[in-house]
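A quick write-up on the structure given underneath.
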Amino acid sequence: MIPLHKLKLGQTAKIAKMIPGKLSIKLQELGCLPGRMVKLQSIAPLGDPICIRVNGFSLSLRITDASVMQVEPSVSPSHN
Amino acid sequence: MSTPSHIALVGNPNSGKTSVFNHLTGLDQKVGNYPGVTVEKREGVATDKQGNQVNIWDLPGTYSLYTSSKDEQIVLEELLGENPPDEIWVVVDANQLSRGLFLFGQVADLGFPVRLVISMIDVLEKRGTLLDVSTLEQRLGVEISLVNARKHKSVLELLNNRHIVNIEERNSAVFDIKSTIPEALLEEVIALKNENTFYKNWHKWVLLQQLNPIIDISLAEKIENVRTTENEWRYSRIDVFLEAAFFPLKEAGSARNLLDEDAGKSEKIDRFLTHPIFGYGVFVLLLLLIFQAIFAWATVPMDIIDLLFSSAGVWVEQALPASLFTDLIANGIIPGIGGIVIFVPQIALLFFFIAILEESGYMSRLVFLMDRIMQMFGLHGKSIVPLISGVACAIPAVMATRTIDNWKDRLITIMVTPFMTCSARLPVYTILIALAVPSDKVFGFFNLQGIALMVLYLLGFVAALVTAWLFNRFSKLEGDSSLILEMPDYKMPRWSNVGITIFMKSKTFVVEAGKVIFAISILLWVLSTFGPNNSLEDAQQSLASSQNEWMELAEPEQAQMIQSWQLEHSYAGILGKFIEPVIKPLGYDWKIGIALITSFAAREVFVGTIATIYSVGGAPDDERSIRERMKQQKRADGTPVYTLATAVSLLLFYAFAMQCMSTVAVVARETNSWKWPTIQLVFMTVLAYLSAFIAYQSLS
């Protein structure tokens with residue numbers, strides 16, 4: 001289990017745990033729930049924020065915010 | 001079912017809700033403020049086939065009824081307040097059904113008559129998918145209305161086909177909030193006045209807790225637990241709903257789960273637009289384009305407006321008998337209104353670009369690119385929009401800070417935006433640069449004067465960033481900033497939305513700035529017309545005795561000198577002389593002092609005032625003649641007034657000083673206090689004074 005922002009670009013993962021907190025709830029309401037798939041879609045030129053694909057849409061997060069999402073990377077990396 | 005009088009539109013941001021609102025109300029809408037917060041309040045009137053009128057409220061876009069900021073609370077406050085809607089229409093993007101149905105579920109459980117409106121059906125079809133409406137209707141227990149916001153008629157049909165569902169009729173289960181709330185809280189929630197659903201009671205209670213300034217951590221945790229349970233319950237049911245919600249457009253395809261799909265085209269475009277080099281490159285090109293529009297394209301309509309208003313002033317002076325009242329209209333009211341209207345082309349063009357960037361979805365990419373940089377200066381990625389807007393005018397720019405959720409981020413952005421070089425500074429810069437900087441070419445291509453102008457723009461931008469950094473460093477405000485930003489799929493802008501935005505924003509500018517500038521123009525007219533002893537007779541007497549060939553001078557020349565003398569002895573002139581000792585170290589004399597005073601209200605007034613002081617006849621904005629006169633001005637000791645030192649000093653003063661009463665008024669409104677605009681005014685004035693002082697003393 002690793003924090004979301006440690007994923008490699010283009011890698012998919014399954015959300016394993018959402019660390020409780022105000023931010024976490026907000027993300028859950030958007031559909032970031034344990035068991036769902038996420039994909040690291042892009043990283044901003046300066047390394048922060050990152051953009052993920054989740055629940056059918058693209059979402060930008062700062063890395064500090066993204067750390068509340070703990071994910072389990074997919075076994076086979078997806079090719080894009 | 002009887003026609004409702006009051007409908008509220010609720011939905012996610014980017015769901016097409018505003019398009020629906022615009023289609024229903026057209027220009028019959030007004031934008032105002034909710035008391036105490038700065039989120040825009042949009043209301044309008046729609047008319048159905050039978051001619052019945054309906055009030056429609058476009059509530060701010062939200063992802064959930066639970067809120068974290070005061071501004072997001074508005075949706076719930078409006079729904080639970082004293083003036084609740086008769087019906088709620090929840091607008092959901094067909095391509096974002098999962099998120100949309102989450103909000104729909106919450107709203108529907110409140111117990112209002114609700115309606116589900118699914119928009120952007122056309123986008124779904126382009127992806128080769130159709131919505132299985134009947135299955136979805138069965139599972140949700142509501143009738144669904146489909147709209148394609150590009151087809152005006154499909155939206156109007158909403159008024160004529162009433163697909164409203166009351167909570168008693170809903171087949172699908174309502175979230176059992178009662179058994180989720182811990183015992184300890186249950187009593188408190190029940191104690192509130194009983195609403196028609198327990199869920200509504202619950203939200204009312206939660207709202208009350210948030211209004212409590214003391215944060216009880218254990219209470220917050222309990223509420224969070226309830227929300228977590230609710231989230232899981234809702235989304236697991238939504239998963240079931242969506243399992244068979246779609247079917248393929250073409251025969252040979254399988255039902256897809258859109259949730260697992262990639263962004264497709266948008267992702268490819270993003271690879272270019274958020275690229276480290278191309279991304280910022282496109283941004284710079286965009287800025288150049290906006291600059292070009294504001295300063296080149298806008299001059300045509302601006303010149304026309306200028307001509308119209310000066311002709312009107314002249315016409316009034318000739319048509320009406322010479323009197324104080326005529327003078328008030330011709331030289332006070334008409335230029336006052338003209339001074340506001342002349343900025344409309346620039347404002348309109350700026351909002352044209354901003355609306356396109358918003359509608360297309362690009363704006364979120366810009367925020368994505370700029371967030372890290374903005375954070376280094378204590379700002380937020382979203383601050384980039386107000387900063388860019390400030391190049392046209394600080395007034396709409398400050399209002400644009402409403403999109404920034406975090407109060408500290410927003411406050412800092414508001415405080416530094418007026419440093420951006422607004423278009424009102426341009427007439428002042430132009431004339432002073434022409435005086436001080438030779439129009440030579442450097443490297444055979446770059447005009448020295450053009451470079452000087454660019455330097456001034458850069459100066460404003462740097463001042464904004466540095467001030468933001470200082471503010472952030474020394475501020476005791478809590479930083480709870482975060483960036484959670486949806487990046488919608490790219491779409492072609494909807495031109496009707498763009499048009500309505502331009503119209504509404506320009507109207508807001510004219511009314512907001514207009515009120516203040518108009519009042520100040522009248523005040524200035526009074527100050528510069530009246531004085532203790534500055535009547536026409538006084539002028540003629542004094543000039544006749546002091547000027548050698550007074551009687552030989554032609555009428556128009558005499559008139560100019562009289563005008564100048566009267567200004568000198570007016571209240572404005574007396575004030576100018578009064579402040580002279582203070583401004584002398586900056587290289588200014590009392591004549592410049594008058595111009596400083598008059599342009600305190602609005603910078604662009606500087607040029608007109610200078611023209612009057614130096615008795616420049618003809619069209620008061622004839623730059624060349626003003627410039628010639630300025631060059632000729634001499635001090636008591638014979639040295640010229642407008643040396644390089646004076647010009648640079650003046651330029652710096654105008655770069656940093658907050659000479660815009662309208663901005664002060666808007667900042668007061670947006671920060672809900674007079675504390676912040678006062679701090680801003682003092683800070684900027686001190687900075688302007690010091691830099692002008694240093695410049696003058698070191699250059700002379």
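Ligands are numbered from 1 in the order shown, residues from 1 within each chain, and chains are lettered A, B, ... in the order they appear in the structure tokens.
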* Asked: Any idea what's packed within 10 Å of Leu23 in chain A, counting only C-alpha atoms, ignoring anything in its chain fewer than 6 positions away? Could you give it as a VMD selection string?
  -> (chain A and resid 65 to 66 68 to 69) or (chain B and resid 68 482 484)
* To do: Tell me which protein, DNA and RNA residues are within 10 Å of Ser60 in chain A, counting only C-alpha atoms, leaving out same-chain ones fewer than 6 positions away, and put them as number ranges by chain.
  => A: 41-44, 48-53, 66; B: 364-365, 367-368, 483-487
Write a file of the selected residues as a CSV table (one decimal), in the first residue's frame, keeping C-alpha atoms.
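Written file, selection-v2.csv:
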chain,number,residue,atom,x,y,z
A,41,GLN,CA,-3.1,10.6,-15.5
A,42,SER,CA,-0.5,13.5,-15.4
A,43,ILE,CA,1.9,15.4,-13.2
A,44,ALA,CA,2.2,19.2,-13.4
A,48,ASP,CA,2.8,19.4,-8.1
A,49,PRO,CA,-0.3,19.1,-8.4
A,50,ILE,CA,-1.1,15.7,-9.9
A,51,CYS,CA,-4.1,14.7,-12.0
A,52,ILE,CA,-5.9,11.4,-11.5
A,53,ARG,CA,-8.6,9.6,-13.3
A,66,ALA,CA,-3.4,13.3,-2.3
B,364,SER,CA,-8.7,24.4,-14.9
B,365,ARG,CA,-5.6,23.5,-16.8
B,367,VAL,CA,-4.8,26.6,-12.5
B,368,PHE,CA,-3.1,23.2,-12.7
B,483,LEU,CA,-6.6,22.1,-4.3
B,484,ILE,CA,-9.3,19.7,-5.4
B,485,LEU,CA,-10.2,20.7,-8.9
B,486,GLU,CA,-12.2,18.9,-11.5
B,487,MET,CA,-10.7,18.9,-14.9
* To do: Tell me the residues of chain B close to chain A, meaning within 9 Å using only C-alpha atoms, as number ranges by chain.
  => B: 63-64, 66-68, 95-99, 102-103, 221, 224, 227-228, 231-232, 235, 258-263, 267, 270-271, 274-277, 279, 364, 368-373, 482-489
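DSSP, applied to the backbone of this structure, assigns alpha helix (DSSP H) to the following residues of chain A: Lys22, Leu23, Ser24, Ile25, Lys26, Leu27, Gln28, Glu29, Ile63, Thr64, Asp65 and Ala66 of chain A.
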Would you mind exporting the chosen residues as a short mmCIF file (atom, residue, chain, number, x, y, z; two decimals), in the first residue's frame, restricted to C-alpha atoms?
data_model
loop_
_atom_site.label_atom_id
_atom_site.label_comp_id
_atom_site.auth_asym_id
_atom_site.auth_seq_id
_atom_site.Cartn_x
_atom_site.Cartn_y
_atom_site.Cartn_z
CA LYS A 22 -12.00 16.63 6.29
CA LEU A 23 -10.23 16.28 2.98
CA SER A 24 -10.77 12.56 2.85
CA ILE A 25 -14.53 12.94 3.17
CA LYS A 26 -14.58 15.46 0.37
CA LEU A 27 -12.76 13.04 -1.90
CA GLN A 28 -15.05 10.19 -0.89
CA GLU A 29 -18.07 12.24 -1.85
CA ILE A 63 0.43 16.11 -3.34
CA THR A 64 -0.18 17.04 0.29
CA ASP A 65 -3.91 16.51 -0.30
CA ALA A 66 -3.36 13.31 -2.28
#
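Proximity to Asp303 in chain B at 9 Å, evaluated using only C-alpha atoms and with sequence-adjacent residues fewer than 5 positions away removed, yields Ala298, Leu308 and Ile342 of chain B.
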Restrict the selected residues to N, CA and C atoms and save them as a JSON list (two decimals), in the first residue's frame.
[["chain", "number", "residue", "atom", "x", "y", "z"],
["B", 298, "ALA", "N", -9.36, 47.09, -28.82],
["B", 298, "ALA", "CA", -10.36, 47.86, -28.08],
["B", 298, "ALA", "C", -10.30, 49.34, -28.42],
["B", 308, "LEU", "N", -17.96, 60.38, -29.13],
["B", 308, "LEU", "CA", -19.38, 60.58, -28.82],
["B", 308, "LEU", "C", -19.56, 61.44, -27.59],
["B", 342, "ILE", "N", -16.21, 54.26, -21.34],
["B", 342, "ILE", "CA", -15.08, 54.05, -22.24],
["B", 342, "ILE", "C", -14.31, 52.78, -21.93]]
* For range 626-642 of chain B, list every protein, DNA or RNA residue within 12 Å, evaluated using only C-alpha atoms, and leave out those in the same chain fewer than 4 positions away; present the list as a PyMOL selection string. => chain B and resi 428+430-437+584+586-592+606-622+646-651+696+700
* **strand (DSSP E) residues, from DSSP on the backbone, in chain A, as a VMD selection string** => chain A and resid 2 to 3 12 to 18 37 to 43 50 to 54 57 to 61 69 to 73
* Which is closest to Thr598 in chain B among B:Gly573, B:Pro396, B:Gly128, B:Gly61, if we use only C-alpha atoms? -> B:Gly573
* Exercise: Asp122 in chain B partners within 10 Å, only C-alpha atoms, chain neighbours under 5 positions left out, as a list in words ->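 Answer for this query is Ala94, Asn95, Arg127, Gly128, Thr129, Leu130, Val147, Asn148, Ala149, Arg150 and Lys151 of chain B.
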Just write the chosen residues, N, CA and C atoms, as a tab-separated table (two decimals), in the first residue's frame.
chain	number	residue	atom	x	y	z
B	94	ALA	N	-24.73	13.79	-18.18
B	94	ALA	CA	-24.89	12.39	-18.57
B	94	ALA	C	-23.57	11.63	-18.50
B	95	ASN	N	-22.46	12.36	-18.65
B	95	ASN	CA	-21.15	11.72	-18.63
B	95	ASN	C	-20.58	11.61	-17.23
B	127	ARG	N	-19.72	9.79	-27.84
B	127	ARG	CA	-18.85	8.71	-27.36
B	127	ARG	C	-19.41	7.36	-27.76
B	128	GLY	N	-20.46	7.37	-28.55
B	128	GLY	CA	-21.01	6.11	-29.04
B	128	GLY	C	-21.89	5.41	-28.04
B	129	THR	N	-22.49	6.17	-27.15
B	129	THR	CA	-23.29	5.54	-26.09
B	129	THR	C	-24.64	6.23	-25.95
B	130	LEU	N	-25.64	5.45	-25.64
B	130	LEU	CA	-26.94	6.03	-25.35
B	130	LEU	C	-27.33	5.68	-23.92
B	147	VAL	N	-31.86	16.81	-21.64
B	147	VAL	CA	-31.67	18.05	-22.39
B	147	VAL	C	-30.34	18.05	-23.09
B	148	ASN	N	-30.35	18.72	-24.22
B	148	ASN	CA	-29.12	18.99	-24.93
B	148	ASN	C	-29.02	20.51	-24.93
B	149	ALA	N	-28.08	21.02	-24.14
B	149	ALA	CA	-28.04	22.47	-23.94
B	149	ALA	C	-27.78	23.24	-25.22
B	150	ARG	N	-27.36	22.53	-26.26
B	150	ARG	CA	-27.16	23.26	-27.51
B	150	ARG	C	-28.46	23.43	-28.27
B	151	LYS	N	-29.49	22.72	-27.82
B	151	LYS	CA	-30.78	22.88	-28.48
B	151	LYS	C	-31.71	23.60	-27.51
* **Gap from CA of Asn406 in chain B to CA of Asp93 in chain B - Å, one decimal** =>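 Taking CA of Asn406 in chain B as the start and CA of Asp93 in chain B as the end point, the length is 26.6 Å.
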